[in-house]
Amino acid sequence: MSEIPRYLREGYLSVEELKRYIGLPSEERLRQRPVAVPECPQEIPCTPCAEICPTNAILMEHPNATPKVDYEKCIGCSLCVQICPGLAFFMIHYVGDKARVTLPHEILPVPNVGEEVVLLNRVGEEVGKGKVVTVVPREKSRGDTPIVTVEVPLELAWDVRAIKVVRE
Amino acid sequence: MSEEKKIIICRCNDVTLEEIEALIDQGITDIETIKRLLRIGMGPCQGRTCLPMVISIIARKTGKSPEEIKLPATRTPVRPVPAGVLVGEMNEE
Amino acid sequence: MRLTEHPILNFEKIRKREVTIYFEGQPIKAYEGETIAMALHAAGIRTLQHSINKHRPRGLFCAIGKCSSCLMKVNGIPNVRTCITLVEDGMQIERQEEKPALPKTTKPPKWKEPQRIEADVVVIGGGPAGMMAAINASEAGARVVLLDENPMLGGQLVKQTHKFFGKREQFAGVRGIKIAEILQEELKKRNVEVFLETSAIMLLQDGEEKLVVGVRKNKELIEFKGKTVVVATGAMERMIPFEGNDLPGVYGAGAIQTLMNTYGVKPGDRVLIVGAGNVGLILAYQLYQAGVKVEAIVEAMPKIGGYFVHAAKVRRLGIPILTRHTILRAEGKEKVERAVVAQLDENWNVIPGTEKVFEVDVIALAVGLRPSIELLHQAGCQIKYVPELGGHVVIRDSRMETTIKGIFVAGDSAGIEEATTAMLEGKIAGIAAALSAGVASPEWLKEIEKAQKELDEFRSGPFGRKVLEGLKKVVIQ
Amino acid sequence: MKSKADVVVIGGGSTGTSIAYYLAKLGVDVVLVEKSYLGSGSTFRCATGIRQQFTDEANIKLMKYSVEKWKTLSEELEYDINFKQTGYLFLATTEEEVEAFKQNIKLHNKFGVPTRLITPEEAKEIVPPLNADEFLAGQWNPTDGKANPFKTVFAFARKAKELGAEIYEYTEVTDIIVENNETKGVKTNRGTIKADAVVNAANAWAPIINEMAGLDKEFIPIKPYKHQLVKTEPLKEGQIEPLVCPPAWNDSYLLQDGEDGGVLCGTGLEYGPTYDMTPTYDFLREVLKWATRIIPALKYAHVIRQWAGFYAKTPDSNPAIGKINYIDGLYIAAGFSGHGFMMAPAVGEAMAELIVKGKSKVPLDWEWYDPHRFERGELRSTAFQIG
């Protein structure tokens, strides 16, 4: 029983596991422009990300393989984030002392650009507030899933994976 | 056994886990006999909800594997149908 | 309480004209297109009957007409399945507190020969497998008729708001409800005659052909004659034994999806989900989307059963997943008010003192599905108990033909798997049924082989291993 | 499994288990073998009815005695078999039938069976949802009744085992050991059991057992005919408690199950001879056509189940009960043509006493039911049969 990976017991990837199983882009690449990072460690029969990537940056040996992103080839267009059935793709972009996290948001309400939203970490704990930088609404999203880019403190770039929109 | 303690297995006839296990303890382990004595799977759902549970209870109590326990026959009609509909026209008042 | 706004769904097409039904004499608002049980639930009515022997309160459980928990007296007629019977203006609904008396009448019914529909292939079940079978059989040249006992086509698809996995040509990245619409369009393009609200009650050999006896709207007998039949009757939520498991408020996960995603009715306020397989995880996310609080998901196994990505989706919304936990009992007067869970040790025994109480009004059972094989079993098809495929399934060949020549099976009724595989099996069964009916040319065999290859590929990953083990026990050459 | 006993009973239905019980009660070392589960032949498929209303002296007297036994059986077996005297109500649709009813009633009363002629209005009081206008008169006996077949077989078997009998299910007889015209025991799929006496209580399969003993299959020409039943969902008790039957309407009948109130409906549509037990669509519609004409309100009741069972019929629909003269130690109680369950208590006691003492005080007319009557071409008057 012990060989069950921690993320399958807990239901979420720790940052350490993200590094071990997925591998992170270099800081230099993270500074250039947004880059797609797949939090998809499990072999499941699913290929839409590889099929939609305009620069073939997402490699899959066979339909059950885990997606491997060639961070250099990735142009940060966020189509993979929009199409992913598992809502498991995110984009990260370091800008100054902030990080911009692009995440799928299939919850109402969808925030507006400039709105301040509550940042949630991988287990849904509130870890601060962040400003919404861009929003791809449902109609424009290739996967019918709204995409939100939110600004977070640099040190939370690898923790914030969801947001909560709170309006009085 | 307080009223509250009952675990319902067959919802159509309110047959509990305790009643099934008691019968098995008396040596009655054939699903066809258990089904008829306790009236399991004889209600409107015809055993859809309860028979799989009964099979696993018998398997657990007797050590038999579920494969060895034959699923009781499925009889027509496989959905409840008003008798008048089967005759033809309900001929409402 | 009806949902009005939803991130994915809009409920206008369900809520047609507003009507009034009467529950124990009290007027209740409802919409044409809703079923009785859904309208009652929206009005806050959870207890639909008291059981005939021990007068225990009972409410919705499966919501797809397969169990017996929603039986009520409608317009004087006892034991009507209110979860699949559409509302009509002025309907009188009464709870059954004991075994019903026969209504008063003096007029016997009239003998009438039922309507008879002739076709090459009769498809029973209009979910993903059934629709694909009908589309492909008709494409291959067969006259096809399709019947489904629900008021709408799509089976489970119409409740699946998430996007599908698999490859692009298998609708990957498309939402389940959208796939249902696409398939329905395809059906319309080919003149496949569709009979909704029609339950198949018998499947018989009739000389060289098959006879499917159907009942429409619980009012009218219809005989469907076909050279071959495809049974795609899907699956049903498994029930597990725990104290209070028959209380109103304990639902199969599918029932909650029906309430919430098909009819836009809020299931409740606080939910405990039992089972962290794909169904339980997806349901948790869907509940959050509908604004319903999910207190926790409990899973007896030491790990997540479904796809990890579905788990991560809900963890980052703050929904805890308690592995190595199970439900001990549901408590409440007349309906669920609390759920008591406890931790399990390695050999599945409850660890004393680890009991936890959740204040919930809904308990969703997502502990696995069981193939619905009644028609196949009744028709004499050989069956076998295969745990990897969800329970008793029929023996069949690689073209989905059962041990009774001319009877084919596809989708969850052949073995619990994904909608993607259900559609591929539907395609295979539909074409094979057309071939067996002698109306399709042999070059359609290529299409079958293509679908078989796609199935093998889909099942080649770790998640497919269990299914492949199961299939070895039931697929004969 | 025991390899030796005084008597081996073949067949685990109501007849077999009753014989085994009464033999054990007389201190006999008895073994019963059943090829499937107890009651799986005809008993668990029957319509639960128990009646004295026949048209011949032998059956009336036997059944009068049997009903007396049914009344105390729960006590005797220390298990509630749910016997209820809710009566049988035959209904006439023509004047000729009314006349025939009057004759029957005279015969019944002669042997102490309190049948009487009643008006349609009285019939409606007894069965409120009855379509009384269609009938001219009723042949009503309140002392007929019904019981739970499952509990009856279980109770007989349980008490028999308590008294020392052995009962083996899923044990199929493959041969009868006969040496110089004497039974020596039986061979089964689980071994051989030596015994001085063998009782053939295999009903529809009785001819096959006879053949194993070296007799001609047609010596006692029992043929299995497929009869069927449908059942509705559970309904409130007290609506159709008696068995109601207008014989002219193709022997159709119906009654509420004494256990859950669901209405059992049968009709005379018969298939066979055949061992096939598949229920038919034609029957499902035909039986309900009659049932909803007898009780119109039944049109609203949901039918939830349909099944088939045997009438193991002899040419005169009377069973073959007694000794087989050609083979010492071979007995038979089979061919009950749909009446086995109701006769079981009386037949069980009679057969046990016959085997142990060579005669019995049970008012069973051994001449009427003589198994050898067929080879002598002496048929009895056909037993009054319904459904």
# chains A, B, ... in the order shown; residues from 1 in each chain; ligands from 1
call {"tool": "closest_atom_pairs", "arguments": {"of": "chain C", "to": "chain D", "cutoff": "9 Å", "atoms": "only C-alpha atoms", "output": "CSV"}}
result
residue,atom,partner,partner_atom,distance
C:Ile52,CA,D:Pro234,CA,8.6
C:Gly76,CA,D:Tyr300,CA,9.0
C:Ile77,CA,D:Tyr300,CA,6.0
C:Pro78,CA,D:Ala301,CA,7.2
C:Asn79,CA,D:His302,CA,7.5
C:Val80,CA,D:His302,CA,8.7
C:Glu98,CA,D:Lys236,CA,7.5
C:Lys99,CA,D:Lys236,CA,4.6
C:Pro100,CA,D:Leu235,CA,5.2
C:Ala101,CA,D:Lys236,CA,5.0
C:Leu102,CA,D:Ala297,CA,5.9
C:Pro103,CA,D:Ala297,CA,6.0
C:Lys104,CA,D:Ala297,CA,6.3
C:Thr105,CA,D:Ala297,CA,5.4
C:Thr106,CA,D:Pro296,CA,5.7
C:Lys107,CA,D:Pro296,CA,5.6
C:Pro108,CA,D:Pro296,CA,4.2
C:Pro109,CA,D:Lys299,CA,6.5
C:Lys110,CA,D:Lys289,CA,8.3
C:Trp111,CA,D:Lys289,CA,6.9
C:Met202,CA,D:Tyr281,CA,8.0
C:Leu204,CA,D:Tyr281,CA,8.3
C:Val213,CA,D:Tyr281,CA,8.6
call {"tool": "residues_around", "arguments": {"residues": "Thr16 of chain B", "least_positions_apart": "4", "cutoff": "12 Å", "atoms": "only C-alpha atoms", "output": "PyMOL selection string"}}
result
(chain B and resi 1+3-12+20-23+38-40+50+53-54+57) or (chain C and resi 53-54+241-246)
call {"tool": "residues_around", "arguments": {"residues": "Val35 of chain A", "least_positions_apart": "6", "cutoff": "9 Å", "atoms": "only C-alpha atoms", "output": "number ranges by chain"}}
result
A: 25, 29, 71-72, 74-78, 90-93
call {"tool": "write_last_selection", "arguments": {"atoms": "C-alpha atoms", "output": "PDB file, in the first residue's frame"}}
result
ATOM      1  CA  PRO A  25      10.253  26.085 -16.437  1.00  0.00           C
ATOM      2  CA  ARG A  29      11.653  31.350 -19.357  1.00  0.00           C
ATOM      3  CA  TYR A  71       8.639  25.168 -22.295  1.00  0.00           C
ATOM      4  CA  GLU A  72      10.798  26.781 -24.996  1.00  0.00           C
ATOM      5  CA  CYS A  74       5.341  27.144 -25.684  1.00  0.00           C
ATOM      6  CA  ILE A  75       4.200  30.642 -26.730  1.00  0.00           C
ATOM      7  CA  GLY A  76       1.773  31.071 -23.783  1.00  0.00           C
ATOM      8  CA  CYS A  77      -1.426  31.259 -25.862  1.00  0.00           C
ATOM      9  CA  SER A  78      -3.499  29.514 -23.077  1.00  0.00           C
ATOM     10  CA  PHE A  90      -2.175  26.575 -15.738  1.00  0.00           C
ATOM     11  CA  MET A  91       0.041  29.376 -17.096  1.00  0.00           C
ATOM     12  CA  ILE A  92       2.630  31.184 -15.029  1.00  0.00           C
ATOM     13  CA  HIS A  93       4.377  34.442 -15.891  1.00  0.00           C
TER      14      HIS A  93
END
call {"tool": "residues_around", "arguments": {"residues": "Ala206 of chain D", "least_positions_apart": "6", "cutoff": "9 Å", "atoms": "only C-alpha atoms", "output": "count of residues only"}}
result
9
call {"tool": "residues_around", "arguments": {"residues": "Val81 of chain A", "least_positions_apart": "3", "cutoff": "10 Å", "atoms": "only C-alpha atoms", "output": "ChimeraX atom specification"}}
result
/A:36-38,49,76-78,84-91,102-104,141-143,145-147
call {"tool": "residues_around", "arguments": {"residues": "Leu317 of chain C", "least_positions_apart": "4", "cutoff": "7 Å", "atoms": "only C-alpha atoms", "output": "PyMOL selection string"}}
result
(chain A and resi 123-124+162) or (chain C and resi 313)
call {"tool": "write_last_selection", "arguments": {"atoms": "all heavy atoms", "output": "PDB file, in the first residue's frame"}}
result
ATOM      1  N   VAL A 123      -5.419  23.615  -1.465  1.00  0.00           N
ATOM      2  CA  VAL A 123      -6.451  22.936  -0.659  1.00  0.00           C
ATOM      3  C   VAL A 123      -7.576  23.908  -0.313  1.00  0.00           C
ATOM      4  O   VAL A 123      -8.308  23.725   0.652  1.00  0.00           O
ATOM      5  CB  VAL A 123      -5.836  22.328   0.626  1.00  0.00           C
ATOM      6  CG1 VAL A 123      -5.036  21.087   0.278  1.00  0.00           C
ATOM      7  CG2 VAL A 123      -5.007  23.345   1.398  1.00  0.00           C
ATOM      8  N   GLY A 124      -7.633  24.999  -1.107  1.00  0.00           N
ATOM      9  CA  GLY A 124      -8.777  25.888  -0.968  1.00  0.00           C
ATOM     10  C   GLY A 124      -8.675  26.873   0.179  1.00  0.00           C
ATOM     11  O   GLY A 124      -9.656  27.540   0.522  1.00  0.00           O
ATOM     12  N   ALA A 162      -6.679  28.610  -7.561  1.00  0.00           N
ATOM     13  CA  ALA A 162      -8.120  28.907  -7.712  1.00  0.00           C
ATOM     14  C   ALA A 162      -8.402  30.261  -7.078  1.00  0.00           C
ATOM     15  O   ALA A 162      -7.584  30.761  -6.285  1.00  0.00           O
ATOM     16  CB  ALA A 162      -8.960  27.829  -7.030  1.00  0.00           C
TER      17      ALA A 162
ATOM     18  N   LYS C 313      -9.344  19.438  -8.774  1.00  0.00           N
ATOM     19  CA  LYS C 313     -10.339  20.504  -9.040  1.00  0.00           C
ATOM     20  C   LYS C 313     -11.110  20.869  -7.785  1.00  0.00           C
ATOM     21  O   LYS C 313     -11.429  22.030  -7.531  1.00  0.00           O
ATOM     22  CB  LYS C 313     -11.350  19.997 -10.091  1.00  0.00           C
ATOM     23  CG  LYS C 313     -10.982  20.265 -11.531  1.00  0.00           C
ATOM     24  CD  LYS C 313     -11.811  19.388 -12.487  1.00  0.00           C
ATOM     25  CE  LYS C 313     -13.300  19.466 -12.247  1.00  0.00           C
ATOM     26  NZ  LYS C 313     -14.035  18.516 -13.135  1.00  0.00           N
TER      27      LYS C 313
END
call {"tool": "select_by_dssp", "arguments": {"residues": "chain B", "states": "strand (DSSP E or B)", "output": "short mmCIF file (atom, residue, chain, number, x, y, z; two decimals) with N, CA and C atoms, in the first residue's frame"}}
result
data_model
loop_
_atom_site.label_atom_id
_atom_site.label_comp_id
_atom_site.auth_asym_id
_atom_site.auth_seq_id
_atom_site.Cartn_x
_atom_site.Cartn_y
_atom_site.Cartn_z
N ILE B 8 -31.54 -1.29 6.39
CA ILE B 8 -32.48 -1.81 5.40
C ILE B 8 -31.71 -2.29 4.17
N ILE B 9 -31.99 -3.51 3.74
CA ILE B 9 -31.36 -4.04 2.52
C ILE B 9 -32.40 -4.02 1.39
N CYS B 10 -33.60 -4.57 1.66
CA CYS B 10 -34.64 -4.55 0.61
C CYS B 10 -35.65 -3.47 0.98
N VAL B 15 -36.77 -5.35 4.42
CA VAL B 15 -36.03 -6.50 4.98
C VAL B 15 -34.66 -5.99 5.43
N THR B 16 -34.29 -6.32 6.69
CA THR B 16 -33.04 -5.75 7.22
C THR B 16 -31.87 -6.74 7.11
N VAL B 81 -46.17 -2.38 -14.93
CA VAL B 81 -47.09 -1.88 -15.98
C VAL B 81 -48.53 -2.03 -15.48
N PRO B 82 -49.35 -0.97 -15.58
CA PRO B 82 -50.76 -1.13 -15.20
C PRO B 82 -51.42 -2.24 -16.03
N GLY B 88 -55.01 -3.29 -23.26
CA GLY B 88 -55.18 -2.50 -24.49
C GLY B 88 -55.45 -1.06 -24.14
N GLU B 89 -56.73 -0.72 -23.85
CA GLU B 89 -57.07 0.68 -23.55
C GLU B 89 -57.63 0.77 -22.14
#
call {"tool": "residues_around", "arguments": {"residues": "segment 263-266 of chain C", "least_positions_apart": "6", "cutoff": "7 Å", "atoms": "only C-alpha atoms", "output": "number ranges by chain"}}
result
C: 1-3, 11, 14, 34, 38, 42
call {"tool": "select_by_dssp", "arguments": {"residues": "segment 31-155 of chain A", "states": "helix (DSSP H, G or I)", "output": "list of chain:residue names"}}
result
A:Arg31, A:Gln32, A:Pro48, A:Cys49, A:Ala50, A:Glu51, A:Ile52, A:Leu79, A:Cys80, A:Val81, A:Gln82, A:Ile83, A:Arg138, A:Glu139, A:Lys140, A:Leu154, A:Glu155
call {"tool": "interface_residues", "arguments": {"of": "chain A", "to": "chain C", "cutoff": "9 Å", "atoms": "only C-alpha atoms", "output": "count of residues only"}}
result
52
call {"tool": "closest_residue", "arguments": {"among": "D:Leu23, D:Val199, D:Leu136, D:Leu264", "to": "chain B", "atoms": "only C-alpha atoms"}}
result
D:Leu264
call {"tool": "closest_residue", "arguments": {"among": "C:Ser68, C:Ser398, C:Thr82, C:Thr403", "to": "chain B", "atoms": "only C-alpha atoms"}}
result
C:Ser68
call {"tool": "closest_residue", "arguments": {"among": "C:Ala140, C:Leu183, C:Ala129, C:His41", "to": "Pro442 of chain C", "atoms": "only C-alpha atoms"}}
result
C:Ala140
call {"tool": "closest_residue", "arguments": {"among": "B:Pro77, B:Pro72, B:Pro44, B:Pro52", "to": "Asp30 of chain B", "atoms": "only C-alpha atoms"}}
result
B:Pro72
call {"tool": "closest_residue", "arguments": {"among": "D:Asn109, D:Thr15, D:Gln139, D:Asn148", "to": "chain B", "atoms": "only C-alpha atoms"}}
result
D:Asn148
call {"tool": "atom_distance", "arguments": {"atom1": "atom CA of Ala320 of chain D", "atom2": "atom CA of Ala248 of chain D"}}
result
27.8 Å
call {"tool": "atom_distance", "arguments": {"atom1": "atom CA of Pro34 of chain A", "atom2": "atom CA of His105 of chain A"}}
result
17.7 Å
call {"tool": "interface_residues", "arguments": {"of": "chain B", "to": "chain C", "cutoff": "6 Å", "atoms": "only C-alpha atoms", "output": "PyMOL selection string"}}
result
chain B and resi 7+44-45+67+74-79+84-85+87-91
call {"tool": "write_last_selection", "arguments": {"atoms": "all heavy atoms", "output": "compact mmCIF listing (two decimals), in the first residue's frame"}}
result
# COMPACT_ATOMS: atom_id res chain seq x y z
N ILE B 7 -30.60 -1.83 9.55
CA ILE B 7 -30.00 -1.50 8.25
C ILE B 7 -30.88 -2.14 7.18
O ILE B 7 -30.99 -3.36 7.09
CB ILE B 7 -28.55 -2.04 8.16
CG1 ILE B 7 -27.68 -1.34 9.22
CG2 ILE B 7 -27.99 -1.84 6.76
CD1 ILE B 7 -26.23 -1.76 9.21
N PRO B 44 -41.89 -3.86 -6.22
CA PRO B 44 -41.91 -3.18 -7.51
C PRO B 44 -40.54 -3.06 -8.19
O PRO B 44 -40.45 -3.03 -9.40
CB PRO B 44 -42.47 -1.78 -7.17
CG PRO B 44 -43.24 -1.98 -5.91
CD PRO B 44 -42.55 -3.07 -5.15
N CYS B 45 -39.43 -3.01 -7.43
CA CYS B 45 -38.14 -2.85 -8.15
C CYS B 45 -37.55 -4.19 -8.49
O CYS B 45 -36.50 -4.27 -9.12
CB CYS B 45 -37.18 -2.00 -7.31
SG CYS B 45 -35.99 -2.96 -6.36
N GLU B 67 -19.40 -15.22 -7.55
CA GLU B 67 -19.64 -15.93 -8.83
C GLU B 67 -20.48 -17.19 -8.60
O GLU B 67 -21.30 -17.57 -9.42
CB GLU B 67 -18.31 -16.39 -9.47
CG GLU B 67 -17.55 -15.31 -10.21
CD GLU B 67 -16.60 -14.57 -9.28
OE1 GLU B 67 -16.67 -14.85 -8.04
OE2 GLU B 67 -15.83 -13.71 -9.75
N THR B 74 -34.66 -13.03 -13.78
CA THR B 74 -35.35 -11.76 -14.01
C THR B 74 -36.64 -12.08 -14.77
O THR B 74 -36.59 -12.75 -15.81
CB THR B 74 -34.48 -10.82 -14.89
OG1 THR B 74 -33.26 -10.59 -14.19
CG2 THR B 74 -35.18 -9.50 -15.14
N ARG B 75 -37.75 -11.67 -14.21
CA ARG B 75 -39.02 -12.01 -14.85
C ARG B 75 -39.60 -10.80 -15.57
O ARG B 75 -39.35 -9.66 -15.19
CB ARG B 75 -40.04 -12.47 -13.77
CG ARG B 75 -39.64 -13.73 -13.03
CD ARG B 75 -39.70 -14.94 -13.91
NE ARG B 75 -39.42 -16.17 -13.18
CZ ARG B 75 -38.92 -17.26 -13.76
NH1 ARG B 75 -38.63 -17.25 -15.03
NH2 ARG B 75 -38.71 -18.36 -13.07
N THR B 76 -40.40 -11.08 -16.60
CA THR B 76 -41.12 -9.98 -17.26
C THR B 76 -42.35 -9.65 -16.40
O THR B 76 -42.78 -10.52 -15.65
CB THR B 76 -41.61 -10.49 -18.65
OG1 THR B 76 -42.30 -11.74 -18.43
CG2 THR B 76 -40.44 -10.74 -19.56
N PRO B 77 -42.96 -8.51 -16.55
CA PRO B 77 -42.41 -7.34 -17.25
C PRO B 77 -41.27 -6.74 -16.42
O PRO B 77 -41.36 -6.71 -15.19
CB PRO B 77 -43.60 -6.40 -17.33
CG PRO B 77 -44.48 -6.77 -16.17
CD PRO B 77 -44.27 -8.24 -15.92
N VAL B 78 -40.19 -6.25 -17.08
CA VAL B 78 -39.05 -5.79 -16.28
C VAL B 78 -39.29 -4.39 -15.70
O VAL B 78 -38.43 -3.85 -15.02
CB VAL B 78 -37.73 -5.82 -17.10
CG1 VAL B 78 -37.41 -7.24 -17.54
CG2 VAL B 78 -37.79 -4.88 -18.29
N ARG B 79 -40.46 -3.80 -16.01
CA ARG B 79 -40.87 -2.56 -15.36
C ARG B 79 -42.34 -2.75 -14.96
O ARG B 79 -43.09 -3.41 -15.69
CB ARG B 79 -40.78 -1.37 -16.34
CG ARG B 79 -39.38 -0.95 -16.69
CD ARG B 79 -38.66 -0.27 -15.52
NE ARG B 79 -37.40 0.35 -15.94
CZ ARG B 79 -36.22 -0.28 -15.93
NH1 ARG B 79 -36.16 -1.55 -15.57
NH2 ARG B 79 -35.12 0.34 -16.29
N GLY B 84 -54.36 -2.69 -17.06
CA GLY B 84 -55.23 -2.20 -18.14
C GLY B 84 -54.43 -1.87 -19.39
O GLY B 84 -54.89 -2.10 -20.53
N VAL B 85 -53.21 -1.39 -19.22
CA VAL B 85 -52.39 -1.02 -20.39
C VAL B 85 -52.03 -2.29 -21.18
O VAL B 85 -52.05 -2.30 -22.40
CB VAL B 85 -51.10 -0.30 -19.92
CG1 VAL B 85 -50.11 -0.13 -21.06
CG2 VAL B 85 -51.45 1.05 -19.30
N VAL B 87 -53.85 -4.88 -21.36
CA VAL B 87 -55.06 -5.40 -22.04
C VAL B 87 -55.28 -4.60 -23.33
O VAL B 87 -55.65 -5.15 -24.37
CB VAL B 87 -56.28 -5.27 -21.10
CG1 VAL B 87 -57.55 -5.67 -21.84
CG2 VAL B 87 -56.08 -6.15 -19.86
N GLY B 88 -55.01 -3.29 -23.26
CA GLY B 88 -55.18 -2.50 -24.49
C GLY B 88 -55.45 -1.06 -24.14
O GLY B 88 -54.52 -0.27 -24.07
N GLU B 89 -56.73 -0.72 -23.85
CA GLU B 89 -57.07 0.68 -23.55
C GLU B 89 -57.63 0.77 -22.14
O GLU B 89 -58.50 -0.02 -21.76
CB GLU B 89 -58.15 1.16 -24.52
CG GLU B 89 -57.78 2.37 -25.34
CD GLU B 89 -58.75 2.50 -26.52
OE1 GLU B 89 -59.97 2.55 -26.24
OE2 GLU B 89 -58.28 2.47 -27.67
N MET B 90 -57.11 1.77 -21.40
CA MET B 90 -57.52 1.86 -20.00
C MET B 90 -59.04 2.10 -19.87
O MET B 90 -59.64 1.72 -18.86
CB MET B 90 -56.76 3.00 -19.31
CG MET B 90 -55.31 2.66 -19.01
SD MET B 90 -55.16 1.28 -17.84
CE MET B 90 -55.19 2.15 -16.28
N ASN B 91 -59.64 2.73 -20.91
CA ASN B 91 -61.09 2.93 -20.86
C ASN B 91 -61.46 3.73 -19.61
O ASN B 91 -62.23 3.32 -18.74
CB ASN B 91 -61.75 1.54 -20.80
CG ASN B 91 -63.22 1.62 -21.17
OD1 ASN B 91 -63.70 2.69 -21.55
ND2 ASN B 91 -63.91 0.50 -21.03
call {"tool": "closest_residue", "arguments": {"among": "B:Gln26, B:Ser56, B:Thr49, B:Thr62", "to": "Gly252 of chain C", "atoms": "only C-alpha atoms"}}
result
B:Thr49
call {"tool": "decode", "arguments": {"residues": "segment 47-58 of chain B", "atoms": "N, CA, C and O atoms", "output": "compact mmCIF listing (two decimals), in the first residue's frame"}}
result
# COMPACT_ATOMS: atom_id res chain seq x y z
N GLY B 47 -35.83 -6.41 -7.09
CA GLY B 47 -34.51 -6.82 -6.64
C GLY B 47 -33.36 -6.02 -7.24
O GLY B 47 -32.20 -6.30 -6.96
N ARG B 48 -33.67 -5.00 -8.02
CA ARG B 48 -32.58 -4.23 -8.64
C ARG B 48 -31.68 -3.61 -7.58
O ARG B 48 -30.46 -3.62 -7.69
N THR B 49 -32.33 -3.06 -6.51
CA THR B 49 -31.53 -2.36 -5.50
C THR B 49 -30.90 -3.34 -4.51
O THR B 49 -29.78 -3.14 -4.06
N CYS B 50 -31.64 -4.42 -4.18
CA CYS B 50 -31.21 -5.21 -3.01
C CYS B 50 -30.41 -6.47 -3.38
O CYS B 50 -29.51 -6.87 -2.63
N LEU B 51 -30.70 -7.12 -4.51
CA LEU B 51 -30.09 -8.44 -4.75
C LEU B 51 -28.56 -8.40 -4.77
O LEU B 51 -27.93 -9.28 -4.18
N PRO B 52 -27.93 -7.37 -5.36
CA PRO B 52 -26.45 -7.36 -5.29
C PRO B 52 -25.94 -7.35 -3.85
O PRO B 52 -24.97 -8.03 -3.52
N MET B 53 -26.66 -6.61 -2.99
CA MET B 53 -26.21 -6.57 -1.58
C MET B 53 -26.41 -7.94 -0.94
O MET B 53 -25.57 -8.43 -0.18
N VAL B 54 -27.56 -8.59 -1.25
CA VAL B 54 -27.83 -9.90 -0.64
C VAL B 54 -26.74 -10.89 -1.05
O VAL B 54 -26.22 -11.65 -0.23
N ILE B 55 -26.34 -10.82 -2.32
CA ILE B 55 -25.29 -11.73 -2.81
C ILE B 55 -23.99 -11.49 -2.03
O ILE B 55 -23.34 -12.44 -1.56
N SER B 56 -23.65 -10.21 -1.80
CA SER B 56 -22.38 -9.98 -1.10
C SER B 56 -22.50 -10.36 0.37
O SER B 56 -21.52 -10.83 0.97
N ILE B 57 -23.71 -10.24 0.95
CA ILE B 57 -23.88 -10.67 2.36
C ILE B 57 -23.68 -12.18 2.45
O ILE B 57 -22.94 -12.69 3.29
N ILE B 58 -24.33 -12.93 1.53
CA ILE B 58 -24.21 -14.40 1.55
C ILE B 58 -22.73 -14.78 1.34
O ILE B 58 -22.20 -15.65 2.04
